[in-house]
Amino acid sequence: MKQKTTSMLAALLLLWSGTSLAEFNISELSEKQATKRRKAFTDWVTPDTAQETYERYERKGQFPIYHESSEQGERRIYEDNPDSFSFQIWSIYGEKGFCKKDSELRRKGYVLLTASKYTNKKGHTLYRGIWVSEDVEKRMERVIRRYGISKAYISADHVPK
């Protein structure tokens with residue numbers, strides 16, 4: 001009886017962990033800090049001028065903590081990067097490609113900080129993510145919370161749609 005109960009518990013645990021823990025959550029934006037975010041966002045820029053805008057902020061010692069897109073173009077919120085820690089910014093079409101990039105960056109010591117998605121008129125979904133080195137994850141979580149931005153999350157066992 002003890003072995004049967006143990007086997008049932010192990011099977012239930014396996015079933016639960018296989019279905020409940022596989023998650024993909026993009027960042028959520030709190031309405032309470034909407035005004036603060038609105039003031040912090042850069043102006044909307046076209047994809048052609050986005051790199052130039054990024055380089056201008058980088059020269060000031062800043063890095064993007066959130067990035068979003070719309071029919072108007074794209075815009076970001078920047079914060080100071082006094083320690084010049086390592087980060088990665090990626091824009092990828094499709095959940096599968098985005099999850100693959102997350103897995104690759106995890107192996108290199110990065111964690112997903114924020115993510116957003118945008119579906120264009122053709123029905124293609126663009127995911128934008130910002131990854132930071134593991135050593136600054138907790139500090140950067142506090143920074144994004146000040147703007148009412150939740151941390152994005154992709155579980156290691158998430159299977160993209």
# chains A, B, ... in the order shown; residues from 1 in each chain; ligands from 1

$ residues_around --residues "stretch 110-112 of chain A" --least-positions-apart "2" --cutoff "9 Å" --atoms "only C-alpha atoms" --output "ChimeraX atom specification"
/A:86-88,102,104-108,114-115,129-135,137,151-154

$ select_by_dssp --residues "chain A" --states "helix (DSSP H, G or I)" --output "ChimeraX atom specification"
/A:2-20,31-40,47-59,95-107,134-146

$ closest_residue --among "A:Ser69, A:Asn81, A:Gln62, A:Thr49" --to "A:Arg139" --atoms "only C-alpha atoms"
A:Asn81

$ select_by_dssp --residues "stretch 58-111 of chain A" --states "strand (DSSP E or B)" --output "VMD selection string"
chain A and resid 62 to 70 73 to 80 87 to 93 110 to 111

$ closest_residue --among "A:Gly73, A:Asn120, A:Leu126, A:Leu113" --to "A:Asp48" --atoms "only C-alpha atoms"
A:Gly73

$ residues_around --residues "stretch 92-99 of chain A" --least-positions-apart "3" --cutoff "8 Å" --atoms "only C-alpha atoms" --output "list in words"
Asp102, Ser103, His124, Thr125, Leu126, Tyr127, Arg128, Ile154, Pro160 and Lys161 of chain A

$ residues_around --residues "A:Gln33" --least-positions-apart "5" --cutoff "8 Å" --atoms "only C-alpha atoms" --output "number ranges by chain"
A: 146-148

$ write_last_selection --atoms "N, CA and C atoms" --output "short mmCIF file (atom, residue, chain, number, x, y, z; two decimals), in the first residue's frame"
data_model
loop_
_atom_site.label_atom_id
_atom_site.label_comp_id
_atom_site.auth_asym_id
_atom_site.auth_seq_id
_atom_site.Cartn_x
_atom_site.Cartn_y
_atom_site.Cartn_z
N ARG A 146 9.10 50.60 -9.88
CA ARG A 146 8.85 52.04 -9.69
C ARG A 146 8.01 52.60 -10.83
N TYR A 147 8.11 51.99 -11.99
CA TYR A 147 7.34 52.43 -13.16
C TYR A 147 6.07 51.60 -13.34
N GLY A 148 5.79 50.71 -12.42
CA GLY A 148 4.60 49.87 -12.53
C GLY A 148 4.72 48.83 -13.62
#

$ closest_residue --among "A:Ser84, A:Ile65, A:Asp157, A:Lys101" --to "A:Ser27" --atoms "only C-alpha atoms"
A:Ile65

$ atom_distance --atom1 "atom CA of A:Met140" --atom2 "atom CA of A:Pro47"
25.9 Å

$ residues_around --residues "A:Phe63" --least-positions-apart "5" --cutoff "7 Å" --atoms "only C-alpha atoms" --output "JSON, numbers by chain"
{"A": [57, 58, 78, 79, 80, 81]}

$ write_last_selection --atoms "N, CA and C atoms" --output "PDB file, in the first residue's frame"
ATOM      1  N   TYR A  57      21.177  57.553 -25.905  1.00  0.00           N
ATOM      2  CA  TYR A  57      20.993  57.249 -24.481  1.00  0.00           C
ATOM      3  C   TYR A  57      22.177  56.461 -23.929  1.00  0.00           C
ATOM      4  N   GLU A  58      22.721  55.590 -24.724  1.00  0.00           N
ATOM      5  CA  GLU A  58      23.878  54.805 -24.283  1.00  0.00           C
ATOM      6  C   GLU A  58      25.061  55.718 -23.977  1.00  0.00           C
ATOM      7  N   TYR A  78      14.278  54.500 -20.430  1.00  0.00           N
ATOM      8  CA  TYR A  78      15.701  54.329 -20.110  1.00  0.00           C
ATOM      9  C   TYR A  78      15.966  54.652 -18.647  1.00  0.00           C
ATOM     10  N   GLU A  79      16.986  54.012 -18.098  1.00  0.00           N
ATOM     11  CA  GLU A  79      17.441  54.242 -16.731  1.00  0.00           C
ATOM     12  C   GLU A  79      18.955  54.326 -16.740  1.00  0.00           C
ATOM     13  N   ASP A  80      19.508  54.937 -15.703  1.00  0.00           N
ATOM     14  CA  ASP A  80      20.960  55.013 -15.576  1.00  0.00           C
ATOM     15  C   ASP A  80      21.554  53.616 -15.406  1.00  0.00           C
ATOM     16  N   ASN A  81      22.738  53.442 -15.954  1.00  0.00           N
ATOM     17  CA  ASN A  81      23.483  52.196 -15.831  1.00  0.00           C
ATOM     18  C   ASN A  81      24.876  52.539 -15.301  1.00  0.00           C
TER      19      ASN A  81
END
